[in-house]
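Below is one structure, written out as structure tokens, with a few remarks after it.
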Amino acid sequence: MSSSKDADPTLGYLTRKDAEVKLPRPTRVKNKTPAPIQITAEQILREARERQEAEIRPPKQKITDPTELADYRLRKRKEFEDLIRRVRWNVSVWIKYAQWEESQKDFNRARSVWERALEVDYRNHTLWLKYAEVEMKNKFINHARNVWDRAVTLLPRVDQLWYKYIHMEEMLGNVAGARQVFERWMGWMPDQQGWLSYIKFELRYNEVERARGIFERFVQCHPKVGAWIRFAKFEMKNGEITKARNVYERAVEKLADDEEAEQLFVAFAEFEERCKETERARCIYKFALDHIPKGRAEDLYRKFVAFEKQYGDKEGIEDAIVGKRRFQYEEEVRKNPLNYDSWFDYIRLEETAGNKERIREVYERAISNVPPAEEKRYWQRYIYLWINYALYEELDAADVERTRDVYRECLNLIPHAKFSFAKIWLLAAQFEIRQLNLNGARQILGNAIGRAPKDKIFKKYIEIELQLGNIDRCRKLYEKYLVWSPENCYAWSKYAELERSLCETERARSIFELAIAQPALDMPELLWKAYIDFEISEHEFERTRELYERLLDRTKHLKVWISYAKYEASAMEDDSQLSELPEDKVQEYLRARKQQCIQQARRVFEKAITYYRNSAPELKEERAMLLEEWLNMETSFGELGDVSLVQSKLPKKLKKRRQIASEDGPAGFEEYIDYLFPEETQTTNLKILEAAYRWKKQKVDDN
């Protein structure tokens, strides 16, 4: 088994092991130090050449009589036969044997050797070529024809055999025979080069009609763009413009969707351009740009722009440039369909061009690229595609139904359970209002409140109903708003403001009371301020004082104290008695009232100072600011004011240093302003006296 595996058909019965060349084992170099005399490689080669022994060649043998010739032939044939027996599959041995027989002019024996070789391996086309060449060289035409005929019958897919066969017939002047061979070959539907060789053959003999017929068969066999272009160029070369155009038109009908259609359209347009048919060429370019995918039309765009620059007017050139930019945008959106900025640019380009169908197509393609994740940050750019689409349909296309469909589809697409967009709901409702469809707008806003309530939606809905004068609807909406967001101070204030504008004072006051009773509010200071301003505007001074007191129960913030004091200083109660007083008494009355207000304001300031001194002594800065505000107010009162009341309470400003603490330990010192109030100074002095008294007493005890 092992010997059969190692056997090589080219070596006969020898194995690869027997045929191996065994080289001597290289000797190991022990001393690797350089020799004192260095020898170059050139010297080594020259020395080897000089020492080479002369080649032993066999002596030349001269044959002088037929007997010696017969012996030589017998010996040589025996050598070839033995060699063939050993290496039967080696084609070169057979060829040498046959060529030797040919050199002996024994053509029958040579043919016998060729035939035996073909029996061994008839698929080897080299044997057929050599065999036929021998027959042709020795002018055995019929034998050669017979060999070629057998070769092309057995190996019809080897083009070289057909070419050689046809070449031989043509060299012999047998044009009909060559044509017949071509026809046999065409029956096997060879590649394009075979058909083109047949066409060239016919054209060499000026057989134009025959060539045209072959072209017809050629494009049926190979319906490729290149084949049709060759056909058209053939007709053009022969001056048949109508037929050439017909060829191009047939090609476009069959291959408009082919991958190589771009080449066909370019060739067709260039043909029309050469024929001075610029309008036809322009139509072809535009048709091609509409039908070929943008990714395969780069060369077409470039040719179209060049064509328009050469033959077109201003509009045509602009259209071509738009087409080029369109191609660039197509490339961008093909690489990344979720790049919405590219879609916006593409849509803007199409809107400048003004083709409605194309604009709608680009919008539809853009909105089909839905963000992959249901997260609002991915949808924020995408949603503007829908908005722009709806606005285009409403304003530019003036198609109300399509606009309504766009809004509807957009609202159905958004996952309102996870997030929503108030602007879409509002735009849809405003669109319905512009169409005078009030019920439709209410339905949209009602759905918005039910599915995805937001502040903007409530505010806009209330604003719409208020403009329409539907007060009851506004009240219901405010109630839903506050049920959804009870901590929203803005909603409470606006609701109360609505009731006040309707002169519903008690309702407004009840709403404010409900609001301040809420356990959590987002901006309580605004709500309290609105409530206080409401009571002041209603001239309810006692209620206002009560509100300030309730507010101070909740917070003792500096601004609340200052606001309370300012209110008291400016709170002039009902002046209905002025009309009953004589003129000389009016000024006295007003002066007395003003002094009363000032006393009330001082009371508030005193109360605040007491709080900061006793309950919050650490808030020195707030206390100092409060005193500054009091001093300014006393100054503003003029002769009724008493600045000395405040000046005795003002603190001293001290500049101190304190250590800056950090995670790694002390990080230096910083300066800050501290305040020293009068009562603190007295306390410090008392402490010094106590310490001195203790020292004196201790000294007396020691004595």
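Order determines the names: the first chain of the structure tokens is A, the second B, and so forth; residues in each chain are numbered 1 upward, and ligands are numbered 1 upward as they are shown.
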Checklist entry - Near Tyr72 (chain A), within 12 Å and counting only C-alpha atoms, which residues show up once chain neighbours fewer than 6 positions away are dropped, as JSON, numbers by chain? => result {"A": [61, 62, 63, 64, 65, 66, 78, 79, 104]}
Checklist entry - Could you name the residues that touch region 336-349 of chain A at 7 Å or less, counting only C-alpha atoms, but leaving out those on the same chain fewer than 5 positions away, as number ranges by chain? => result A: 326, 329, 359, 362-363, 366, 369, 381-382
Checklist entry - Expressed in Å to a single decimal, how great is the separation between CA of Gln596 (chain A) and CA of Ser563 (chain A)? => result 17.5 Å
Item to check | Residue nearest Gln518 (chain A) - candidates A:Leu413, A:Val120, A:Val483, A:Leu427, atoms counted: only C-alpha atoms | outcome: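 Comparing A:Leu413, A:Val120, A:Val483, A:Leu427 against Gln518 (chain A), the winner is A:Val483.
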Checklist entry - With only C-alpha atoms as the atoms that count, which of A:Arg543, A:His291, A:Lys423, A:Arg179 lies nearest to Glu202 (chain A)? => result A:Arg179
Next on the checklist: I need the residues of region 72-245 of chain A that end up classed as alpha helix (DSSP H) by DSSP on the backbone, written out as an MDAnalysis selection string.
Outcome noted: chainID A and resid 72:86 91:103 107:120 125:137 141:154 159:171 175:186 192:204 208:221 225:237 241:245
Checklist entry - Which residues, written as a list in words, have at least one atom at most 12 Å from Asn138 (chain A), with only C-alpha atoms counted and residues fewer than 5 positions away on the same chain left out? => result Glu102, Ser103, Lys105, Asp106, Phe107, Ala110, Tyr131, Ala132, Glu133, His143 and Ala144 of chain A
Residue selection dump (all heavy atoms) as an mmCIF file, in the first residue's frame:
```
data_model
loop_
_atom_site.group_PDB
_atom_site.id
_atom_site.type_symbol
_atom_site.label_atom_id
_atom_site.label_comp_id
_atom_site.auth_asym_id
_atom_site.auth_seq_id
_atom_site.Cartn_x
_atom_site.Cartn_y
_atom_site.Cartn_z
ATOM 1 N N GLU A 102 8.244 11.526 -37.146
ATOM 2 C CA GLU A 102 8.052 12.501 -38.220
ATOM 3 C C GLU A 102 9.396 12.872 -38.847
ATOM 4 O O GLU A 102 9.512 13.015 -40.079
ATOM 5 C CB GLU A 102 7.371 13.756 -37.656
ATOM 6 C CG GLU A 102 7.112 14.829 -38.699
ATOM 7 C CD GLU A 102 6.897 16.193 -38.082
ATOM 8 O OE1 GLU A 102 6.857 16.293 -36.833
ATOM 9 O OE2 GLU A 102 6.805 17.170 -38.849
ATOM 10 N N SER A 103 10.430 13.001 -37.998
ATOM 11 C CA SER A 103 11.757 13.353 -38.531
ATOM 12 C C SER A 103 12.313 12.243 -39.415
ATOM 13 O O SER A 103 13.147 12.488 -40.300
ATOM 14 C CB SER A 103 12.725 13.638 -37.381
ATOM 15 O OG SER A 103 12.972 12.446 -36.643
ATOM 16 N N LYS A 105 10.459 10.734 -41.420
ATOM 17 C CA LYS A 105 9.564 10.771 -42.585
ATOM 18 C C LYS A 105 8.648 9.554 -42.654
ATOM 19 O O LYS A 105 8.140 9.219 -43.721
ATOM 20 C CB LYS A 105 10.345 10.877 -43.900
ATOM 21 C CG LYS A 105 11.272 12.079 -43.983
ATOM 22 C CD LYS A 105 10.498 13.381 -43.891
ATOM 23 C CE LYS A 105 11.433 14.578 -43.985
ATOM 24 N NZ LYS A 105 10.716 15.845 -43.816
ATOM 25 N N ASP A 106 8.463 8.909 -41.496
ATOM 26 C CA ASP A 106 7.549 7.764 -41.446
ATOM 27 C C ASP A 106 6.238 8.283 -40.850
ATOM 28 O O ASP A 106 5.974 8.150 -39.651
ATOM 29 C CB ASP A 106 8.162 6.659 -40.582
ATOM 30 C CG ASP A 106 7.445 5.326 -40.782
ATOM 31 O OD1 ASP A 106 6.317 5.359 -41.323
ATOM 32 O OD2 ASP A 106 7.991 4.284 -40.396
ATOM 33 N N PHE A 107 5.417 8.902 -41.699
ATOM 34 C CA PHE A 107 4.228 9.604 -41.218
ATOM 35 C C PHE A 107 3.154 8.659 -40.715
ATOM 36 O O PHE A 107 2.396 9.014 -39.813
ATOM 37 C CB PHE A 107 3.679 10.508 -42.328
ATOM 38 C CG PHE A 107 4.638 11.591 -42.718
ATOM 39 C CD1 PHE A 107 5.249 11.582 -43.959
ATOM 40 C CD2 PHE A 107 4.953 12.607 -41.831
ATOM 41 C CE1 PHE A 107 6.141 12.572 -44.302
ATOM 42 C CE2 PHE A 107 5.843 13.614 -42.185
ATOM 43 C CZ PHE A 107 6.449 13.594 -43.418
ATOM 44 N N ALA A 110 4.153 7.895 -37.288
ATOM 45 C CA ALA A 110 3.927 9.088 -36.458
ATOM 46 C C ALA A 110 2.446 9.222 -36.112
ATOM 47 O O ALA A 110 2.084 9.493 -34.956
ATOM 48 C CB ALA A 110 4.417 10.339 -37.186
ATOM 49 N N TYR A 131 -0.524 17.507 -32.902
ATOM 50 C CA TYR A 131 -0.875 16.533 -33.944
ATOM 51 C C TYR A 131 -1.306 17.263 -35.221
ATOM 52 O O TYR A 131 -0.802 17.001 -36.325
ATOM 53 C CB TYR A 131 -1.996 15.645 -33.406
ATOM 54 C CG TYR A 131 -2.368 14.454 -34.275
ATOM 55 C CD1 TYR A 131 -1.650 14.103 -35.426
ATOM 56 C CD2 TYR A 131 -3.470 13.644 -33.934
ATOM 57 C CE1 TYR A 131 -2.009 13.016 -36.190
ATOM 58 C CE2 TYR A 131 -3.832 12.548 -34.692
ATOM 59 C CZ TYR A 131 -3.092 12.248 -35.833
ATOM 60 O OH TYR A 131 -3.447 11.160 -36.601
ATOM 61 N N ALA A 132 -2.229 18.254 -35.055
ATOM 62 C CA ALA A 132 -2.717 18.978 -36.231
ATOM 63 C C ALA A 132 -1.607 19.818 -36.869
ATOM 64 O O ALA A 132 -1.532 19.938 -38.104
ATOM 65 C CB ALA A 132 -3.886 19.866 -35.826
ATOM 66 N N GLU A 133 -0.728 20.408 -36.039
ATOM 67 C CA GLU A 133 0.371 21.199 -36.590
ATOM 68 C C GLU A 133 1.305 20.348 -37.438
ATOM 69 O O GLU A 133 1.817 20.798 -38.479
ATOM 70 C CB GLU A 133 1.149 21.859 -35.442
ATOM 71 C CG GLU A 133 0.463 23.083 -34.865
ATOM 72 C CD GLU A 133 1.185 23.628 -33.651
ATOM 73 O OE1 GLU A 133 2.296 23.134 -33.349
ATOM 74 O OE2 GLU A 133 0.648 24.532 -33.000
ATOM 75 N N HIS A 143 -5.915 15.331 -43.685
ATOM 76 C CA HIS A 143 -5.623 14.718 -42.375
ATOM 77 C C HIS A 143 -5.748 15.761 -41.269
ATOM 78 O O HIS A 143 -6.319 15.488 -40.199
ATOM 79 C CB HIS A 143 -4.203 14.131 -42.383
ATOM 80 C CG HIS A 143 -4.118 12.807 -43.083
ATOM 81 N ND1 HIS A 143 -4.613 11.645 -42.528
ATOM 82 C CD2 HIS A 143 -3.599 12.469 -44.294
ATOM 83 C CE1 HIS A 143 -4.398 10.630 -43.371
ATOM 84 N NE2 HIS A 143 -3.781 11.108 -44.458
ATOM 85 N N ALA A 144 -5.204 16.957 -41.513
ATOM 86 C CA ALA A 144 -5.277 18.029 -40.500
ATOM 87 C C ALA A 144 -6.726 18.408 -40.225
ATOM 88 O O ALA A 144 -7.136 18.594 -39.063
ATOM 89 C CB ALA A 144 -4.503 19.255 -40.979
#
```
Checklist entry - Suppose you want the space between CA of Ile471 (chain A) and CA of Ala441 (chain A); what is it in Å? => result 17.5 Å
Checklist outcome for this item: One decimal place gives the CA of Arg88 (chain A)-CA of Glu119 (chain A) separation as 11.0 Å
Next on the checklist: Write out as JSON, numbers by chain the set of residues from region 602-699 of chain A that DSSP, computed on the backbone, places in strand (DSSP E).
Outcome noted: {"A": [652, 653, 654, 655, 656, 657, 658, 659, 660, 661, 662, 665, 666, 667, 668, 669, 670, 671, 672, 673, 674, 675, 676]}
